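Chemist: To start, I am sharing the structure in question, which I have written as structure tokens.
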There are 2 protein chains.
Amino acid sequence: MNNRINSYFEKTVPIIEQNLEKYLTNKNDNGLSNVMKYSLLSGGKRLRPIFTLESYKLFSNGATIEKALPYACALEMIHTYSLIHDDLPCMDNDEFRRGMPTNHMVFGEAQALLAGDTLLTYAFEIIATNNLASFESRVRAVEILSKYAGFSGMAGGQMIDLDSSNNISSLDELFKMHSLKTSGLIKAALVLGYVASCDKLDNLIIKDLEKIADNIGISFQIRDDILDETSNLAILGKKTGSDSKNGKATALKFLTINEAEAVIDNLTNEAILLLEKYYTNDKNDCMLIELAKYLINREK
Amino acid sequence: MNNRINSYFEKTVPIIEQNLEKYLTNKNDNGLSNVMKYSLLSGGKRLRPIFTLESYKLFSNGATIEKALPYACALEMIHTYSLIHDDLPCMDNDEFRRGMPTNHMVFGEAQALLAGDTLLTYAFEIIATNNLASFESRVRAVEILSKYAGFSGMAGGQMIDLDSSNNISSLDELFKMHSLKTSGLIKAALVLGYVASCDKLDNLIIKDLEKIADNIGISFQIRDDILDETSNLAILGKKTGSDSKNGKATALKFLTINEAEAVIDNLTNEAILLLEKYYTNDKNDCMLIELAKYLINREK
């Protein structure tokens with residue numbers, strides 16, 4: 001299975017990266033796009049845009065991905081802005097990410113702040129100018145992305161994370177935070193793919209996609225907690241053990257590693273069952289299911 | 001004239017503020033909306049949303065403003081995010097704004113950063129969910145706001161401002177920066193009002209509105225430079241003389257105060273001539289012209 005996923009990544013990631021780069025080429029902007037590029041094109045798994053493209057393929061019966069690519073790229077810009085801002089001294093104060101100095105270590109805090117702001121802003125411009133999609137689709141895409149990047153998602157979860165008076169005292173509270181902070185953009189990813197595929201949306205499908213994304217996001221974060229505790233700089237490309245050292249609640253505050261692995265399995269299996277409702281056609285390659293499974297076993 | 005403008009502000013500003021507050025009411029968000037509210041509802045002239053509403057009235061023959069209000073509020077959120085981020089220690093490191101402690105002085109840097117990010121994100125959600133406007137209008141509004149808040153406007157200008165190696169050596173260079181950084185959101189304001197009024201847009205009208213906004217923005221900034229040099233904390237509600245002390249280029253590096261006043265007059269008169277092309281109906285109250293004139297004479 002890993003060979004199949006690896007060859008899928010080898011084929012798909014460069015398409016996403018070429019498109020991301022295209023959006024930041026030939027900007028007459030006094031170097032701002034270079035600051036953005038540094039973080040946007042510094043690797044990463046591109047899981048969120050991949051989820052968008054695969055969701056689009058699922059609901060559009062295997063159409064070519066051009067129509068969904070701008071949405072996928074916009075989402076990755078939002079993800080990248082959040083990484084740049086999270087790394088700033090006033091947030092997590094991280095000096096390395098993916099084995100490289102963080103944005104503000106290279107360009108300075110003010111430039112990093114501005115590059116994050118501009119990535120966030122530009123994401124919406126890219127959606128609005130996606131001429132392959134209908135006006136209705138673009139409006140829905142803006143609505144979904146702003147909802148899940150803002151109050152009802154990533155930013156809302158980040159606020160809980162920041163609130164040091166809010167001592168997370170149960171697994172439920174921790175999962176609520178992950179459901180906002182980490183699952184938020186995965187919800188956006190899957191729903192954006194669906195929104196790119198058609199104008200008349202079925203709310204039950206959106207609810208299923210949100211549940212799938214929620215489970216994947218929480219599993220992903222528990223895996224991060226496990227890796228943060230057990231892996232090392234050479235493998236992860238960032239300092240490890242920093243979350244527990246910073247006093248941040250992780251799943252391992254409430255669970256043993258074995259219990260945490262079991263929770264990941266349960267959540268992922270529930271997501272896979274829901275996905276199987278939609279992969280009804282033999283011709284489909286069930287890539288979202290394979291990606292969900294891949295997330296269980298990743299080592300970095 | 002000032003009485004008329006004052007009574008106009010007294011009537012219009014509360015409508016904008018009520019709507020801004022409405023958007024941040026009943027959010028179940030662990031206090032994030034309170035951090036946003038602190039800056040969003042801390043006064044200010046509300047010039048940008050007022051420009052949007054007046055532009056809308058001009059092009060919709062005096063229709064009621066409900067359709068344009070969400071665009072106006074979204075724009076003010078973008079303006080407020082930019083103020084919060086500009087005040088941060090890594091940017092201008094300002095402790096006071098409008099006579100009050102800045103956002104990060106009250107809530108902390110991380111919270112201020114996040115509140116700014118969320119205001120920026122929420123602005124696009126508010127546009128996307130403006131059900132009174134067509135899908136096409138909403139897409140155009142997102143496109144305009146992201147363009148003029150991003151590369152081609154405010155953020156692009158901020159990058160020039162940050163670039164300390166870029167010693168601004170002429171009035172032209174300084175005006176180019178103001179044209180991006182300050183005029184950007186005023187361009188957005190006027191064009192958003194037009195976009196709210198109809199779906200089929202005339203590019204010549206957009207060009208005129210951009211020129212009007214450019215002149216108003218540059219004049220506004222020169223006035224700021226003059227006030228920064230000549231006024232004091234009691235009147236402005238912020239420290240004065242800080243720009244020249246920080247070594248930032250101001251118009252007064254290249255012009256005497258009298259010359260600067262003459263430039264403001266010229267730019268404003270050019271903007272008024274363009275506006276008079278559109279205020280052809282006697283029933284119109286020419287409020288954009290009065291506002292442009294008001295900007296010449298303001299004392300804070």
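Chains: A, B, ... in order of the structure tokens. Residues: from 1 per chain. Ligands: from 1, in order shown.
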Pairing the C-alpha atoms in order across the whole chain, superpose chain A onto chain B by least squares and write the result as a short mmCIF file (atom, residue, chain, number, x, y, z; two decimals) with C-alpha atoms, in the first residue's frame.
Modeler:
```cif
data_model
loop_
_atom_site.label_atom_id
_atom_site.label_comp_id
_atom_site.auth_asym_id
_atom_site.auth_seq_id
_atom_site.Cartn_x
_atom_site.Cartn_y
_atom_site.Cartn_z
CA MET A 1 -20.34 72.72 6.00
CA ASN A 2 -18.84 71.15 9.10
CA ASN A 3 -22.23 71.09 10.82
CA ARG A 4 -23.68 69.18 7.91
CA ILE A 5 -20.81 66.67 7.95
CA ASN A 6 -21.01 66.35 11.72
CA SER A 7 -24.72 65.63 11.66
CA TYR A 8 -24.12 63.15 8.82
CA PHE A 9 -21.51 61.34 10.93
CA GLU A 10 -23.81 61.39 13.97
CA LYS A 11 -26.50 59.72 11.90
CA THR A 12 -24.38 57.25 9.92
CA VAL A 13 -21.62 56.06 12.25
CA PRO A 14 -24.03 54.43 14.76
CA ILE A 15 -25.64 52.44 11.92
CA ILE A 16 -22.24 51.09 10.93
CA GLU A 17 -21.28 50.38 14.55
CA GLN A 18 -24.53 48.56 15.28
CA ASN A 19 -23.91 46.34 12.28
CA LEU A 20 -20.29 45.72 13.21
CA GLU A 21 -21.35 44.76 16.70
CA LYS A 22 -24.09 42.50 15.38
CA TYR A 23 -21.51 40.44 13.51
CA LEU A 24 -19.60 39.78 16.73
CA THR A 25 -22.56 39.03 19.00
CA ASN A 26 -23.39 35.58 20.34
CA LYS A 27 -20.18 33.98 19.20
CA ASN A 28 -19.32 30.90 21.25
CA ASP A 29 -15.61 31.34 20.79
CA ASN A 30 -13.73 31.40 24.11
CA GLY A 31 -13.43 35.18 24.12
CA LEU A 32 -11.93 35.65 20.66
CA SER A 33 -14.75 37.95 19.54
CA ASN A 34 -14.19 40.13 22.62
CA VAL A 35 -10.57 40.69 21.58
CA MET A 36 -11.80 41.60 18.09
CA LYS A 37 -14.55 43.85 19.45
CA TYR A 38 -12.13 45.85 21.56
CA SER A 39 -10.47 47.23 18.45
CA LEU A 40 -13.40 47.06 16.05
CA LEU A 41 -15.67 49.11 18.31
CA SER A 42 -13.13 51.55 19.75
CA GLY A 43 -14.29 54.50 17.70
CA GLY A 44 -12.64 55.72 14.56
CA LYS A 45 -14.08 57.80 11.79
CA ARG A 46 -15.53 54.83 9.83
CA LEU A 47 -14.48 56.67 6.67
CA ARG A 48 -13.98 53.52 4.61
CA PRO A 49 -17.42 51.99 5.23
CA ILE A 50 -18.94 55.45 4.77
CA PHE A 51 -17.26 55.70 1.38
CA THR A 52 -18.74 52.32 0.46
CA LEU A 53 -22.24 53.34 1.52
CA GLU A 54 -22.07 56.71 -0.29
CA SER A 55 -20.63 55.13 -3.45
CA TYR A 56 -23.47 52.62 -3.34
CA LYS A 57 -26.04 55.40 -2.93
CA LEU A 58 -24.55 57.33 -5.85
CA PHE A 59 -24.71 54.38 -8.26
CA SER A 60 -27.98 52.91 -7.06
CA ASN A 61 -29.88 56.21 -7.23
CA GLY A 62 -30.38 56.51 -3.53
CA ALA A 63 -31.48 52.96 -2.69
CA THR A 64 -31.53 51.95 0.96
CA ILE A 65 -28.16 50.79 2.17
CA GLU A 66 -28.93 47.26 3.47
CA LYS A 67 -27.40 45.56 0.45
CA ALA A 68 -24.11 47.47 0.81
CA LEU A 69 -23.81 47.33 4.61
CA PRO A 70 -22.16 43.89 4.76
CA TYR A 71 -19.51 45.02 2.27
CA ALA A 72 -18.96 48.20 4.28
CA CYS A 73 -18.59 46.23 7.51
CA ALA A 74 -16.24 43.69 5.91
CA LEU A 75 -14.03 46.55 4.78
CA GLU A 76 -13.91 48.06 8.26
CA MET A 77 -12.89 44.65 9.65
CA ILE A 78 -9.99 44.54 7.20
CA HIS A 79 -9.00 48.07 8.22
CA THR A 80 -9.16 47.11 11.90
CA TYR A 81 -7.09 43.94 11.41
CA SER A 82 -4.41 46.07 9.73
CA LEU A 83 -4.36 48.49 12.67
CA ILE A 84 -4.03 45.68 15.22
CA HIS A 85 -1.16 44.05 13.32
CA ASP A 86 0.55 47.39 12.56
CA ASP A 87 0.55 48.25 16.26
CA LEU A 88 2.33 45.00 17.26
CA PRO A 89 5.84 45.26 18.72
CA CYS A 90 7.41 43.72 15.60
CA MET A 91 5.75 46.39 13.43
CA ASP A 92 5.25 49.95 14.76
CA ASN A 93 5.26 48.96 18.44
CA ASP A 94 2.52 51.45 19.33
CA GLU A 95 1.07 51.45 22.82
CA PHE A 96 -1.85 53.79 22.17
CA ARG A 97 -4.41 54.26 19.44
CA ARG A 98 -7.40 56.59 19.59
CA GLY A 99 -6.40 57.43 23.16
CA MET A 100 -6.69 53.81 24.30
CA PRO A 101 -4.08 51.10 24.89
CA THR A 102 -3.56 49.09 21.72
CA ASN A 103 -4.99 45.60 21.41
CA HIS A 104 -1.83 43.69 22.36
CA MET A 105 -1.29 45.95 25.41
CA VAL A 106 -4.64 44.77 26.75
CA PHE A 107 -4.87 41.15 25.60
CA GLY A 108 -1.31 40.12 24.77
CA GLU A 109 0.52 39.76 21.48
CA ALA A 110 -0.65 36.28 20.58
CA GLN A 111 -4.30 37.19 21.14
CA ALA A 112 -3.92 40.41 19.14
CA LEU A 113 -2.28 38.55 16.28
CA LEU A 114 -5.08 35.99 16.27
CA ALA A 115 -7.82 38.63 16.54
CA GLY A 116 -6.36 40.40 13.50
CA ASP A 117 -6.19 37.15 11.54
CA THR A 118 -9.78 36.36 12.45
CA LEU A 119 -11.08 39.82 11.49
CA LEU A 120 -9.40 39.41 8.10
CA THR A 121 -10.89 35.94 7.65
CA TYR A 122 -14.35 36.95 8.89
CA ALA A 123 -14.51 39.88 6.45
CA PHE A 124 -14.68 37.41 3.57
CA GLU A 125 -17.29 35.28 5.32
CA ILE A 126 -19.49 38.37 5.73
CA ILE A 127 -19.22 39.16 2.02
CA ALA A 128 -19.92 35.57 0.99
CA THR A 129 -23.05 35.41 3.17
CA ASN A 130 -24.52 38.75 2.00
CA ASN A 131 -27.71 37.20 0.68
CA LEU A 132 -29.07 40.52 -0.58
CA ALA A 133 -26.37 40.63 -3.26
CA SER A 134 -26.11 38.32 -6.27
CA PHE A 135 -23.48 35.58 -6.38
CA GLU A 136 -21.67 37.57 -9.09
CA SER A 137 -21.62 40.70 -6.92
CA ARG A 138 -20.24 38.75 -3.96
CA VAL A 139 -17.48 37.22 -6.09
CA ARG A 140 -16.52 40.65 -7.40
CA ALA A 141 -16.55 42.04 -3.86
CA VAL A 142 -14.20 39.30 -2.62
CA GLU A 143 -11.95 39.89 -5.61
CA ILE A 144 -11.76 43.65 -5.02
CA LEU A 145 -11.27 43.45 -1.28
CA SER A 146 -8.57 40.78 -1.49
CA LYS A 147 -6.79 42.63 -4.30
CA TYR A 148 -6.67 45.97 -2.50
CA ALA A 149 -5.95 44.50 0.93
CA GLY A 150 -3.21 42.28 -0.48
CA PHE A 151 -0.38 42.50 -3.02
CA SER A 152 -1.94 45.24 -5.11
CA GLY A 153 -2.78 47.40 -2.15
CA MET A 154 -2.34 47.62 1.58
CA ALA A 155 0.02 44.67 2.13
CA GLY A 156 2.12 45.58 -0.90
CA GLY A 157 2.50 49.11 0.46
CA GLN A 158 3.29 47.84 3.94
CA MET A 159 6.13 45.75 2.48
CA ILE A 160 7.69 48.89 0.96
CA ASP A 161 7.23 50.62 4.31
CA LEU A 162 8.98 47.76 6.14
CA ASP A 163 11.90 47.51 3.77
CA SER A 164 14.45 49.61 5.60
CA SER A 165 16.98 49.11 2.79
CA ASN A 166 14.48 50.88 0.57
CA ASN A 167 15.28 54.45 1.50
CA ILE A 168 12.45 56.41 -0.06
CA SER A 169 14.31 59.12 -1.91
CA SER A 170 11.61 60.99 -3.77
CA LEU A 171 8.06 62.21 -3.39
CA ASP A 172 7.04 59.91 -6.26
CA GLU A 173 8.28 56.85 -4.37
CA LEU A 174 6.54 58.02 -1.21
CA PHE A 175 3.27 58.55 -3.09
CA LYS A 176 3.61 55.10 -4.70
CA MET A 177 3.75 53.62 -1.21
CA HIS A 178 0.75 55.66 -0.02
CA SER A 179 -1.11 54.74 -3.20
CA LEU A 180 -0.81 51.08 -2.18
CA LYS A 181 -0.89 51.26 1.60
CA THR A 182 -3.43 53.98 2.26
CA SER A 183 -5.37 54.38 -0.99
CA GLY A 184 -5.75 50.60 -1.33
CA LEU A 185 -8.66 50.28 1.08
CA ILE A 186 -10.24 53.54 -0.15
CA LYS A 187 -10.19 52.13 -3.68
CA ALA A 188 -11.82 49.01 -2.27
CA ALA A 189 -14.37 51.21 -0.48
CA LEU A 190 -15.56 53.11 -3.54
CA VAL A 191 -15.49 50.11 -5.88
CA LEU A 192 -17.33 47.91 -3.34
CA GLY A 193 -20.17 50.44 -3.25
CA TYR A 194 -20.37 50.35 -7.04
CA VAL A 195 -20.21 46.53 -7.09
CA ALA A 196 -23.08 46.37 -4.60
CA SER A 197 -25.20 48.56 -6.90
CA CYS A 198 -25.12 46.43 -10.08
CA ASP A 199 -23.68 43.26 -11.66
CA LYS A 200 -22.59 44.57 -15.04
CA LEU A 201 -19.59 46.73 -14.27
CA ASP A 202 -18.15 49.49 -16.45
CA ASN A 203 -14.36 49.46 -16.31
CA LEU A 204 -14.17 53.21 -16.99
CA ILE A 205 -16.22 53.90 -13.88
CA ILE A 206 -13.94 51.61 -11.87
CA LYS A 207 -10.89 53.48 -13.19
CA ASP A 208 -12.43 56.81 -12.18
CA LEU A 209 -13.26 55.50 -8.71
CA GLU A 210 -9.72 54.20 -8.29
CA LYS A 211 -8.29 57.59 -9.28
CA ILE A 212 -10.61 59.41 -6.89
CA ALA A 213 -9.64 57.00 -4.11
CA ASP A 214 -5.97 57.30 -4.90
CA ASN A 215 -6.06 61.08 -4.57
CA ILE A 216 -8.11 60.97 -1.39
CA GLY A 217 -5.79 58.35 0.14
CA ILE A 218 -2.60 60.22 -0.65
CA SER A 219 -4.12 63.49 0.62
CA PHE A 220 -5.28 61.72 3.76
CA GLN A 221 -1.76 60.42 4.39
CA ILE A 222 -0.11 63.80 3.79
CA ARG A 223 -2.61 65.29 6.28
CA ASP A 224 -1.56 62.54 8.72
CA ASP A 225 2.08 63.46 8.22
CA ILE A 226 1.32 67.14 8.88
CA LEU A 227 -0.73 66.34 11.99
CA ASP A 228 1.91 63.92 13.22
CA GLU A 229 4.43 66.75 13.09
CA THR A 230 2.25 69.55 14.45
CA SER A 231 -0.47 68.12 16.70
CA ASN A 232 -0.22 66.45 20.09
CA LEU A 233 -1.43 63.44 22.08
CA ALA A 234 -4.42 65.25 23.56
CA ILE A 235 -5.90 65.92 20.13
CA LEU A 236 -4.84 62.83 18.18
CA GLY A 237 -5.12 60.16 20.88
CA LYS A 238 -1.74 58.75 19.87
CA LYS A 239 1.88 59.76 20.20
CA THR A 240 2.98 62.37 17.69
CA GLY A 241 6.27 62.89 15.91
CA SER A 242 6.79 59.12 16.02
CA ASP A 243 7.07 58.69 12.26
CA SER A 244 9.88 61.18 11.81
CA LYS A 245 11.54 59.89 15.00
CA ASN A 246 11.36 56.34 13.63
CA GLY A 247 13.18 57.58 10.54
CA LYS A 248 10.16 56.85 8.33
CA ALA A 249 9.83 59.01 5.25
CA THR A 250 6.97 61.49 5.46
CA ALA A 251 5.81 64.07 2.93
CA LEU A 252 7.49 66.72 5.06
CA LYS A 253 10.87 65.23 4.19
CA PHE A 254 10.32 66.58 0.68
CA LEU A 255 7.84 69.44 1.14
CA THR A 256 7.27 72.42 3.42
CA ILE A 257 3.97 72.37 5.27
CA ASN A 258 2.61 74.98 2.86
CA GLU A 259 3.67 72.93 -0.15
CA ALA A 260 2.13 69.84 1.41
CA GLU A 261 -1.14 71.72 1.92
CA ALA A 262 -1.06 72.73 -1.75
CA VAL A 263 -0.58 69.12 -2.85
CA ILE A 264 -3.56 68.10 -0.73
CA ASP A 265 -5.64 70.85 -2.37
CA ASN A 266 -4.64 69.80 -5.89
CA LEU A 267 -5.27 66.10 -5.35
CA THR A 268 -8.58 66.76 -3.65
CA ASN A 269 -9.75 69.13 -6.36
CA GLU A 270 -8.93 66.58 -9.03
CA ALA A 271 -10.94 63.97 -7.11
CA ILE A 272 -13.85 66.37 -6.76
CA LEU A 273 -13.88 67.11 -10.51
CA LEU A 274 -14.12 63.39 -11.21
CA LEU A 275 -16.88 62.93 -8.63
CA GLU A 276 -18.87 65.78 -10.18
CA LYS A 277 -19.11 63.70 -13.38
CA TYR A 278 -21.29 61.27 -11.44
CA TYR A 279 -23.27 63.62 -9.19
CA THR A 280 -25.40 64.80 -12.10
CA ASN A 281 -28.76 64.57 -10.41
CA ASP A 282 -29.84 67.58 -8.32
CA LYS A 283 -31.53 65.24 -5.87
CA ASN A 284 -28.16 63.77 -4.95
CA ASP A 285 -26.54 65.17 -1.88
CA CYS A 286 -22.95 64.97 -3.18
CA MET A 287 -21.81 63.48 0.10
CA LEU A 288 -18.61 61.96 -1.32
CA ILE A 289 -17.57 65.45 -2.42
CA GLU A 290 -18.29 66.86 1.02
CA LEU A 291 -16.36 64.01 2.62
CA ALA A 292 -13.37 64.65 0.33
CA LYS A 293 -13.44 68.34 1.30
CA TYR A 294 -13.80 67.44 4.97
CA LEU A 295 -10.59 65.42 4.76
CA ILE A 296 -8.66 68.57 3.80
CA ASN A 297 -9.68 70.44 6.90
CA ARG A 298 -9.70 67.75 9.59
CA GLU A 299 -7.64 68.44 12.66
CA LYS A 300 -7.23 64.87 13.93
#
```
Chemist: When DSSP works through the backbone of this structure, what residues of stretch 60-264 of chain A end up as alpha helix (DSSP H), shown as a PyMOL selection string?
Modeler: chain A and resi 69-87+103-107+109-128+135-149+154-162+171-181+183-197+203-230+233-236+242-245+257-264
Chemist: Based on DSSP run over this structure's backbone, return all residues of stretch 12-255 of chain A in strand (DSSP E or B), as an MDAnalysis selection string.
Modeler: chainID A and resid 96:97 100:101
Chemist: Write the residues of the preceding selection, restricted to C-alpha atoms, as a tab-separated table (two decimals), in the first residue's frame.
Modeler:
```
chain	number	residue	atom	x	y	z
A	96	PHE	CA	12.63	25.25	12.82
A	97	ARG	CA	9.94	23.71	10.67
A	100	MET	CA	14.48	24.62	7.90
A	101	PRO	CA	14.61	27.89	9.86
```
